[in-house]
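Next up, input37.txt (compact mmCIF, C-alpha atoms):
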```
# COMPACT_ATOMS: atom_id res chain seq x y z
CA MET A 1 -20.93 7.17 7.30
CA GLY A 2 -18.02 5.12 6.02
CA ILE A 3 -14.72 3.77 7.24
CA LYS A 4 -12.88 7.11 6.87
CA ASP A 5 -15.55 8.89 8.91
CA ASP A 6 -15.65 6.17 11.57
CA MET A 7 -11.86 5.79 11.75
CA PRO A 8 -10.45 9.29 11.13
CA LEU A 9 -7.03 8.47 12.58
CA LEU A 10 -6.64 5.46 10.31
CA ALA A 11 -7.76 7.65 7.40
CA ARG A 12 -4.79 9.95 8.11
CA HIS A 13 -2.52 7.00 7.23
CA GLU A 14 -3.77 6.97 3.63
CA GLY A 15 -0.88 7.25 1.17
CA VAL A 16 2.57 5.86 0.44
CA TRP A 17 5.00 5.31 3.30
CA GLU A 18 8.71 4.43 3.17
CA GLY A 19 10.83 3.27 6.04
CA THR A 20 12.90 0.61 7.72
CA TYR A 21 11.88 -2.55 9.56
CA ARG A 22 14.26 -3.88 12.22
CA TYR A 23 13.68 -7.24 13.91
CA TYR A 24 15.21 -8.06 17.30
CA ASP A 25 15.20 -11.37 19.13
CA ALA A 26 13.99 -11.57 22.73
CA SER A 27 17.46 -10.66 24.03
CA GLY A 28 17.58 -7.47 21.91
CA LYS A 29 19.95 -8.71 19.19
CA LEU A 30 19.22 -7.36 15.68
CA VAL A 31 18.31 -10.36 13.50
CA ASP A 32 16.92 -8.72 10.33
CA GLU A 33 16.62 -5.31 8.71
CA HIS A 34 15.04 -4.20 5.46
CA LYS A 35 13.54 -1.20 3.68
CA SER A 36 9.82 -0.90 3.12
CA ARG A 37 7.31 0.88 0.91
CA LEU A 38 3.67 0.62 2.00
CA LEU A 39 0.59 1.63 0.05
CA CYS A 40 -2.30 2.37 2.42
CA ARG A 41 -5.46 2.62 0.34
CA PHE A 42 -9.12 3.43 0.89
CA PRO A 43 -10.53 2.35 -2.50
CA ASP A 44 -13.65 4.09 -3.77
CA GLU A 45 -15.11 0.77 -4.89
CA GLY A 46 -14.55 -2.95 -4.60
CA PRO A 47 -15.01 -5.53 -1.87
CA TYR A 48 -12.47 -4.08 0.59
CA PRO A 49 -12.71 -0.58 2.09
CA TYR A 50 -9.05 -0.76 3.21
CA HIS A 51 -6.20 -2.36 1.29
CA GLN A 52 -2.53 -2.27 2.23
CA THR A 53 0.37 -3.51 0.13
CA ASN A 54 3.81 -3.89 1.71
CA ILE A 55 6.90 -4.01 -0.50
CA TYR A 56 10.05 -5.11 1.32
CA THR A 57 13.61 -4.78 -0.02
CA TRP A 58 16.73 -6.22 1.61
CA ALA A 59 20.29 -5.00 1.09
CA ASP A 60 21.14 -8.22 -0.80
CA GLY A 61 18.51 -7.40 -3.45
CA ARG A 62 15.72 -9.71 -2.26
CA THR A 63 12.21 -8.30 -2.45
CA GLU A 64 8.85 -9.42 -1.18
CA VAL A 65 5.36 -8.05 -1.80
CA ARG A 66 2.51 -8.75 0.62
CA ASP A 67 -1.11 -7.76 0.13
CA PHE A 68 -3.48 -7.09 3.03
CA PRO A 69 -7.03 -6.29 1.94
CA ALA A 70 -9.29 -5.69 4.94
CA GLU A 71 -12.99 -5.66 5.73
CA TYR A 72 -14.55 -3.05 8.00
CA ARG A 73 -17.07 -3.74 10.76
CA ASP A 74 -17.66 -2.98 14.42
CA GLY A 75 -15.26 -0.02 14.42
CA ARG A 76 -12.29 -2.12 13.28
CA ILE A 77 -10.64 -3.28 10.11
CA TRP A 78 -10.33 -7.07 9.85
CA TRP A 79 -7.88 -9.30 8.00
CA ASP A 80 -8.39 -12.94 7.22
CA ASN A 81 -6.07 -14.21 4.50
CA GLU A 82 -3.40 -16.82 3.83
CA LEU A 83 -0.85 -14.95 5.97
CA ILE A 84 -2.71 -13.34 8.90
CA LYS A 85 -6.00 -13.16 10.75
CA GLY A 86 -6.68 -10.20 13.00
CA TRP A 87 -7.84 -6.63 13.40
CA ALA A 88 -6.83 -2.99 13.81
CA ALA A 89 -8.60 -0.28 15.80
CA GLU A 90 -8.01 3.27 16.89
CA LEU A 91 -7.16 3.53 20.57
CA PRO A 92 -10.00 5.57 22.08
CA LEU A 93 -8.15 6.25 25.35
CA ASP A 94 -5.47 8.20 23.45
CA ASP A 95 -6.95 11.69 23.77
CA LYS A 96 -4.20 12.98 21.45
CA GLY A 97 -5.53 10.82 18.59
CA ARG A 98 -2.16 9.32 17.63
CA SER A 99 -2.46 5.59 18.36
CA VAL A 100 -3.74 2.58 16.45
CA VAL A 101 -3.48 -0.93 17.90
CA LEU A 102 -3.41 -4.18 15.92
CA TYR A 103 -3.71 -7.81 16.90
CA TRP A 104 -3.09 -10.71 14.56
CA GLN A 105 -2.05 -14.32 14.33
CA ARG A 106 -0.12 -16.00 11.58
CA THR A 107 -2.41 -18.30 9.65
CA GLY A 108 -1.51 -21.89 10.48
CA ASP A 109 0.56 -21.00 13.58
CA PRO A 110 -1.86 -20.80 16.54
CA ASP A 111 0.96 -20.59 19.09
CA LEU A 112 2.16 -17.22 17.72
CA TYR A 113 0.34 -13.91 18.00
CA LEU A 114 1.37 -10.31 17.63
CA TYR A 115 0.35 -6.92 18.98
CA GLU A 116 1.33 -3.78 17.14
CA MET A 117 1.19 -0.14 18.20
CA ILE A 118 1.30 2.60 15.59
CA GLN A 119 1.91 6.22 16.58
CA LEU A 120 1.28 8.90 13.96
CA SER A 121 2.98 12.27 14.29
CA ASP A 122 0.76 15.30 14.75
CA ASP A 123 1.62 16.56 11.26
CA GLY A 124 0.71 13.13 9.76
CA LYS A 125 4.06 12.78 7.95
CA LYS A 126 5.90 10.36 10.23
CA ARG A 127 4.96 7.26 12.13
CA CYS A 128 6.63 4.69 14.29
CA ARG A 129 5.41 1.18 14.85
CA THR A 130 6.37 -1.56 17.29
CA TRP A 131 5.42 -5.21 17.14
CA HIS A 132 5.63 -7.73 19.95
CA TRP A 133 5.64 -11.33 18.71
CA ILE A 134 4.52 -13.71 21.45
CA ARG A 135 4.77 -17.48 21.22
CA ASN A 136 3.22 -19.65 23.93
CA GLY A 137 3.05 -16.64 26.25
CA GLU A 138 6.70 -15.60 25.84
CA LEU A 139 8.24 -12.77 23.86
CA GLU A 140 9.92 -14.15 20.75
CA THR A 141 10.65 -11.09 18.62
CA ARG A 142 10.28 -7.32 18.61
CA THR A 143 9.97 -5.32 15.41
CA ALA A 144 10.68 -1.57 15.29
CA ILE A 145 9.56 0.38 12.23
CA GLU A 146 10.16 4.04 11.37
CA GLU A 147 8.34 5.48 8.34
CA ARG A 148 7.82 8.74 6.49
CA LEU A 149 4.94 9.68 4.26
CA VAL A 150 6.26 10.16 0.72
CA SER A 151 2.96 10.75 -1.08
CA ARG A 152 -0.77 10.91 -0.46
CA ASP A 153 -1.27 9.71 -4.06
CA TRP A 154 -1.48 5.96 -3.52
CA ARG A 155 -3.35 5.62 -6.83
CA ALA A 156 -0.26 6.60 -8.87
CA ALA A 157 1.91 4.25 -6.79
CA ASP A 158 -0.67 1.49 -7.25
CA GLU A 159 -0.62 1.96 -11.04
CA ALA A 160 3.19 1.83 -11.06
CA LEU A 161 3.09 -1.36 -8.98
CA LYS A 162 0.62 -2.98 -11.39
CA LYS A 163 2.74 -2.04 -14.42
CA ALA A 164 5.86 -3.49 -12.79
CA ALA A 165 4.12 -6.82 -12.06
```
As C-alpha cells, how would this structure be written, given the file I've shared?
Amino acid sequence: MGIKDDMPLLARHEGVWEGTYRYYDASGKLVDEHKSRLLCRFPDEGPYPYHQTNIYTWADGRTEVRDFPAEYRDGRIWWDNELIKGWAAELPLDDKGRSVVLYWQRTGDPDLYLYEMIQLSDDGKKRCRTWHWIRNGELETRTAIEERLVSRDWRAADEALKKAA
C-alpha cells in the first residue's frame, strides 16, 4: 500500500489547479489578492511521494514560485523546509470524504501558525480552501481560495515549468 491507497481523498487532488487567493486581515478587510496555479504531484519515483508547486501571479505582473515536497508517514504528509513545517491529513470524521486539514508553522516564526481546511467537490473538479493564521493565540489573517481543476496531467505542466525556468 502506498500514499494514494492510504490517502484516497488527497489522491483525488492530483493534477493542475488554477484559482484565486484572497487575504483578509482580522477585521475582514481585503489586503491581498492574486491568481494561482498549483501542481499537485504523486511522483512515481524520488525521495518525496507528494510534491506540490505553487505559482502565484499578481495583477501588477509579480510572480512567485514555491515548492513543497512532502514525506509520507503515519497517515499524513509532512513538510519541513525553509518556508514551512507541518502536516496534512484527511479528516476521518467527514463521512462524505471531502475534507483535508493542514497545520503548519512558518519556519523561523514560532509565534505564527496556520490551520487550513480544504473541501473537494464531489465531482473532484472544484475545491475551496480556507486558512486561519494565528499569532500568539489571536487571529491575524484569513485566506480564502477558490480553485478549479484544469488538468490531471501534472507531468506535462511540470515539463513546461522546467523549460520555462
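Environment of (8.6, -14.5, 22.2): residues at most 10 Å away, judged by only C-alpha atoms, are A:Asp25, A:Ala26, A:Ser27, A:Leu112, A:Tyr113, A:Leu114, A:His132, A:Trp133, A:Ile134, A:Arg135, A:Asn136, A:Gly137, A:Glu138, A:Leu139, A:Glu140, A:Thr141, A:Arg142.
Minimum atom-to-atom distance to Cys40 (chain A), evaluated using all atoms listed in the file, belongs to A:Ser151 out of A:Thr63, A:Ser151, A:Thr130, A:Ser99.
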Using all atoms listed in the file, which residue out of A:Ala156, A:Leu39, A:Val31, A:Val100 lies closest to Ile55 (chain A)?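 That would be A:Leu39, the residue with the smallest distance to Ile55 (chain A).
Omitting Phe68 (chain A) and its sequence neighbours fewer than 2 positions away, and counting all atoms listed in the file, the residues within 8 Å are A:His51, A:Gln52, A:Thr53, A:Arg66, A:Ala70, A:Trp79, A:Asn81.
Between CA of Trp17 (chain A) and CA of Arg129 (chain A) there is a distance of 12.3 Å.
The protein and nucleic acid residues lying at most 7 Å from Glu18 (chain A) are Ser36, Arg37, Leu38, Glu147, Arg148, Leu149 and Val150 of chain A, with only C-alpha atoms considered and sequence neighbours fewer than 4 positions away removed.
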Keeping all heavy atoms, write region 144-159 of chain A of the structure just shown out as a PDB file, in the first residue's frame.
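Here's the written file part_0.pdb:
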```pdb
ATOM      1  N   ALA A 144      -8.852  32.997   1.765  1.00  0.00           N
ATOM      2  CA  ALA A 144      -9.910  32.246   1.089  1.00  0.00           C
ATOM      3  C   ALA A 144      -9.429  31.943  -0.328  1.00  0.00           C
ATOM      4  O   ALA A 144      -8.969  32.837  -1.037  1.00  0.00           O
ATOM      5  CB  ALA A 144     -11.203  33.063   1.047  1.00  0.00           C
ATOM      6  N   ILE A 145      -9.523  30.690  -0.723  1.00  0.00           N
ATOM      7  CA  ILE A 145      -9.007  30.244  -2.012  1.00  0.00           C
ATOM      8  C   ILE A 145     -10.091  29.451  -2.722  1.00  0.00           C
ATOM      9  O   ILE A 145     -10.675  28.536  -2.142  1.00  0.00           O
ATOM     10  CB  ILE A 145      -7.751  29.353  -1.824  1.00  0.00           C
ATOM     11  CG1 ILE A 145      -6.709  30.074  -0.970  1.00  0.00           C
ATOM     12  CG2 ILE A 145      -7.184  28.929  -3.178  1.00  0.00           C
ATOM     13  CD1 ILE A 145      -5.704  29.153  -0.315  1.00  0.00           C
ATOM     14  N   GLU A 146     -10.353  29.800  -3.978  1.00  0.00           N
ATOM     15  CA  GLU A 146     -11.267  29.028  -4.824  1.00  0.00           C
ATOM     16  C   GLU A 146     -10.447  28.525  -6.003  1.00  0.00           C
ATOM     17  O   GLU A 146      -9.716  29.300  -6.623  1.00  0.00           O
ATOM     18  CB  GLU A 146     -12.421  29.879  -5.349  1.00  0.00           C
ATOM     19  CG  GLU A 146     -13.294  30.502  -4.278  1.00  0.00           C
ATOM     20  CD  GLU A 146     -12.750  31.841  -3.809  1.00  0.00           C
ATOM     21  OE1 GLU A 146     -12.154  32.573  -4.615  1.00  0.00           O
ATOM     22  OE2 GLU A 146     -12.900  32.141  -2.618  1.00  0.00           O
ATOM     23  N   GLU A 147     -10.580  27.227  -6.322  1.00  0.00           N
ATOM     24  CA  GLU A 147      -9.777  26.641  -7.401  1.00  0.00           C
ATOM     25  C   GLU A 147     -10.615  25.699  -8.253  1.00  0.00           C
ATOM     26  O   GLU A 147     -11.585  25.115  -7.771  1.00  0.00           O
ATOM     27  CB  GLU A 147      -8.587  25.858  -6.819  1.00  0.00           C
ATOM     28  CG  GLU A 147      -7.618  26.742  -6.072  1.00  0.00           C
ATOM     29  CD  GLU A 147      -6.629  25.945  -5.247  1.00  0.00           C
ATOM     30  OE1 GLU A 147      -7.055  25.033  -4.505  1.00  0.00           O
ATOM     31  OE2 GLU A 147      -5.429  26.249  -5.340  1.00  0.00           O
ATOM     32  N   ARG A 148     -10.162  25.551  -9.500  1.00  0.00           N
ATOM     33  CA  ARG A 148     -10.758  24.596 -10.436  1.00  0.00           C
ATOM     34  C   ARG A 148      -9.652  23.726 -11.004  1.00  0.00           C
ATOM     35  O   ARG A 148      -8.561  24.216 -11.300  1.00  0.00           O
ATOM     36  CB  ARG A 148     -11.461  25.314 -11.582  1.00  0.00           C
ATOM     37  CG  ARG A 148     -12.640  26.141 -11.122  1.00  0.00           C
ATOM     38  CD  ARG A 148     -13.589  26.480 -12.267  1.00  0.00           C
ATOM     39  NE  ARG A 148     -14.750  27.180 -11.782  1.00  0.00           N
ATOM     40  CZ  ARG A 148     -15.816  26.617 -11.244  1.00  0.00           C
ATOM     41  NH1 ARG A 148     -15.862  25.315 -11.102  1.00  0.00           N
ATOM     42  NH2 ARG A 148     -16.842  27.324 -10.826  1.00  0.00           N
ATOM     43  N   LEU A 149      -9.958  22.461 -11.159  1.00  0.00           N
ATOM     44  CA  LEU A 149      -9.027  21.536 -11.791  1.00  0.00           C
ATOM     45  C   LEU A 149      -8.986  21.841 -13.282  1.00  0.00           C
ATOM     46  O   LEU A 149     -10.023  21.885 -13.936  1.00  0.00           O
ATOM     47  CB  LEU A 149      -9.491  20.097 -11.567  1.00  0.00           C
ATOM     48  CG  LEU A 149      -8.612  19.014 -12.164  1.00  0.00           C
ATOM     49  CD1 LEU A 149      -7.284  18.920 -11.415  1.00  0.00           C
ATOM     50  CD2 LEU A 149      -9.336  17.670 -12.129  1.00  0.00           C
ATOM     51  N   VAL A 150      -7.777  22.086 -13.815  1.00  0.00           N
ATOM     52  CA  VAL A 150      -7.654  22.365 -15.248  1.00  0.00           C
ATOM     53  C   VAL A 150      -7.048  21.192 -16.009  1.00  0.00           C
ATOM     54  O   VAL A 150      -7.201  21.107 -17.222  1.00  0.00           O
ATOM     55  CB  VAL A 150      -6.867  23.671 -15.527  1.00  0.00           C
ATOM     56  CG1 VAL A 150      -7.623  24.870 -14.965  1.00  0.00           C
ATOM     57  CG2 VAL A 150      -5.459  23.609 -14.978  1.00  0.00           C
ATOM     58  N   SER A 151      -6.376  20.288 -15.298  1.00  0.00           N
ATOM     59  CA  SER A 151      -5.802  19.118 -15.950  1.00  0.00           C
ATOM     60  C   SER A 151      -5.387  18.096 -14.902  1.00  0.00           C
ATOM     61  O   SER A 151      -4.888  18.465 -13.844  1.00  0.00           O
ATOM     62  CB  SER A 151      -4.583  19.515 -16.790  1.00  0.00           C
ATOM     63  OG  SER A 151      -3.953  18.374 -17.329  1.00  0.00           O
ATOM     64  N   ARG A 152      -5.537  16.838 -15.229  1.00  0.00           N
ATOM     65  CA  ARG A 152      -4.979  15.771 -14.387  1.00  0.00           C
ATOM     66  C   ARG A 152      -3.528  15.510 -14.754  1.00  0.00           C
ATOM     67  O   ARG A 152      -2.804  14.849 -14.028  1.00  0.00           O
ATOM     68  CB  ARG A 152      -5.780  14.474 -14.540  1.00  0.00           C
ATOM     69  CG  ARG A 152      -7.152  14.538 -13.953  1.00  0.00           C
ATOM     70  CD  ARG A 152      -7.122  14.297 -12.476  1.00  0.00           C
ATOM     71  NE  ARG A 152      -8.474  14.417 -11.923  1.00  0.00           N
ATOM     72  CZ  ARG A 152      -8.715  14.775 -10.696  1.00  0.00           C
ATOM     73  NH1 ARG A 152      -7.725  15.052  -9.881  1.00  0.00           N
ATOM     74  NH2 ARG A 152      -9.940  14.869 -10.258  1.00  0.00           N
ATOM     75  N   ASP A 153      -3.092  16.048 -15.901  1.00  0.00           N
ATOM     76  CA  ASP A 153      -1.743  15.780 -16.429  1.00  0.00           C
ATOM     77  C   ASP A 153      -0.727  16.746 -15.838  1.00  0.00           C
ATOM     78  O   ASP A 153      -0.276  17.680 -16.498  1.00  0.00           O
ATOM     79  CB  ASP A 153      -1.754  15.857 -17.952  1.00  0.00           C
ATOM     80  CG  ASP A 153      -0.437  15.423 -18.571  1.00  0.00           C
ATOM     81  OD1 ASP A 153       0.473  14.986 -17.829  1.00  0.00           O
ATOM     82  OD2 ASP A 153      -0.319  15.523 -19.802  1.00  0.00           O
ATOM     83  N   TRP A 154      -0.347  16.516 -14.587  1.00  0.00           N
ATOM     84  CA  TRP A 154       0.647  17.371 -13.941  1.00  0.00           C
ATOM     85  C   TRP A 154       2.023  17.183 -14.570  1.00  0.00           C
ATOM     86  O   TRP A 154       2.863  18.076 -14.497  1.00  0.00           O
ATOM     87  CB  TRP A 154       0.696  17.141 -12.435  1.00  0.00           C
ATOM     88  CG  TRP A 154       1.015  15.745 -11.995  1.00  0.00           C
ATOM     89  CD1 TRP A 154       0.130  14.790 -11.616  1.00  0.00           C
ATOM     90  CD2 TRP A 154       2.313  15.145 -11.886  1.00  0.00           C
ATOM     91  NE1 TRP A 154       0.797  13.631 -11.278  1.00  0.00           N
ATOM     92  CE2 TRP A 154       2.135  13.829 -11.439  1.00  0.00           C
ATOM     93  CE3 TRP A 154       3.611  15.593 -12.126  1.00  0.00           C
ATOM     94  CZ2 TRP A 154       3.194  12.947 -11.214  1.00  0.00           C
ATOM     95  CZ3 TRP A 154       4.671  14.723 -11.905  1.00  0.00           C
ATOM     96  CH2 TRP A 154       4.462  13.417 -11.458  1.00  0.00           C
ATOM     97  N   ARG A 155       2.269  16.022 -15.186  1.00  0.00           N
ATOM     98  CA  ARG A 155       3.583  15.773 -15.790  1.00  0.00           C
ATOM     99  C   ARG A 155       3.862  16.759 -16.929  1.00  0.00           C
ATOM    100  O   ARG A 155       4.963  17.291 -17.030  1.00  0.00           O
ATOM    101  CB  ARG A 155       3.682  14.324 -16.266  1.00  0.00           C
ATOM    102  CG  ARG A 155       3.816  13.336 -15.125  1.00  0.00           C
ATOM    103  CD  ARG A 155       3.677  11.875 -15.585  1.00  0.00           C
ATOM    104  NE  ARG A 155       3.833  10.950 -14.494  1.00  0.00           N
ATOM    105  CZ  ARG A 155       2.852  10.590 -13.676  1.00  0.00           C
ATOM    106  NH1 ARG A 155       1.639  11.079 -13.831  1.00  0.00           N
ATOM    107  NH2 ARG A 155       3.084   9.733 -12.703  1.00  0.00           N
ATOM    108  N   ALA A 156       2.878  17.017 -17.778  1.00  0.00           N
ATOM    109  CA  ALA A 156       3.052  17.980 -18.876  1.00  0.00           C
ATOM    110  C   ALA A 156       3.263  19.387 -18.312  1.00  0.00           C
ATOM    111  O   ALA A 156       4.114  20.133 -18.784  1.00  0.00           O
ATOM    112  CB  ALA A 156       1.851  17.952 -19.807  1.00  0.00           C
ATOM    113  N   ALA A 157       2.491  19.753 -17.285  1.00  0.00           N
ATOM    114  CA  ALA A 157       2.667  21.061 -16.666  1.00  0.00           C
ATOM    115  C   ALA A 157       4.016  21.184 -15.995  1.00  0.00           C
ATOM    116  O   ALA A 157       4.647  22.238 -16.029  1.00  0.00           O
ATOM    117  CB  ALA A 157       1.540  21.306 -15.657  1.00  0.00           C
ATOM    118  N   ASP A 158       4.491  20.079 -15.402  1.00  0.00           N
ATOM    119  CA  ASP A 158       5.809  20.067 -14.764  1.00  0.00           C
ATOM    120  C   ASP A 158       6.906  20.264 -15.802  1.00  0.00           C
ATOM    121  O   ASP A 158       7.857  21.033 -15.575  1.00  0.00           O
ATOM    122  CB  ASP A 158       5.992  18.742 -14.020  1.00  0.00           C
ATOM    123  CG  ASP A 158       7.174  18.749 -13.067  1.00  0.00           C
ATOM    124  OD1 ASP A 158       7.376  19.777 -12.406  1.00  0.00           O
ATOM    125  OD2 ASP A 158       7.860  17.735 -12.991  1.00  0.00           O
ATOM    126  N   GLU A 159       6.793  19.617 -16.936  1.00  0.00           N
ATOM    127  CA  GLU A 159       7.780  19.772 -18.011  1.00  0.00           C
ATOM    128  C   GLU A 159       7.805  21.218 -18.512  1.00  0.00           C
ATOM    129  O   GLU A 159       8.863  21.784 -18.750  1.00  0.00           O
ATOM    130  CB  GLU A 159       7.496  18.810 -19.168  1.00  0.00           C
ATOM    131  CG  GLU A 159       7.966  17.408 -18.905  1.00  0.00           C
ATOM    132  CD  GLU A 159       9.459  17.313 -18.639  1.00  0.00           C
ATOM    133  OE1 GLU A 159      10.264  17.919 -19.393  1.00  0.00           O
ATOM    134  OE2 GLU A 159       9.844  16.638 -17.652  1.00  0.00           O
TER     135      GLU A 159
END
```
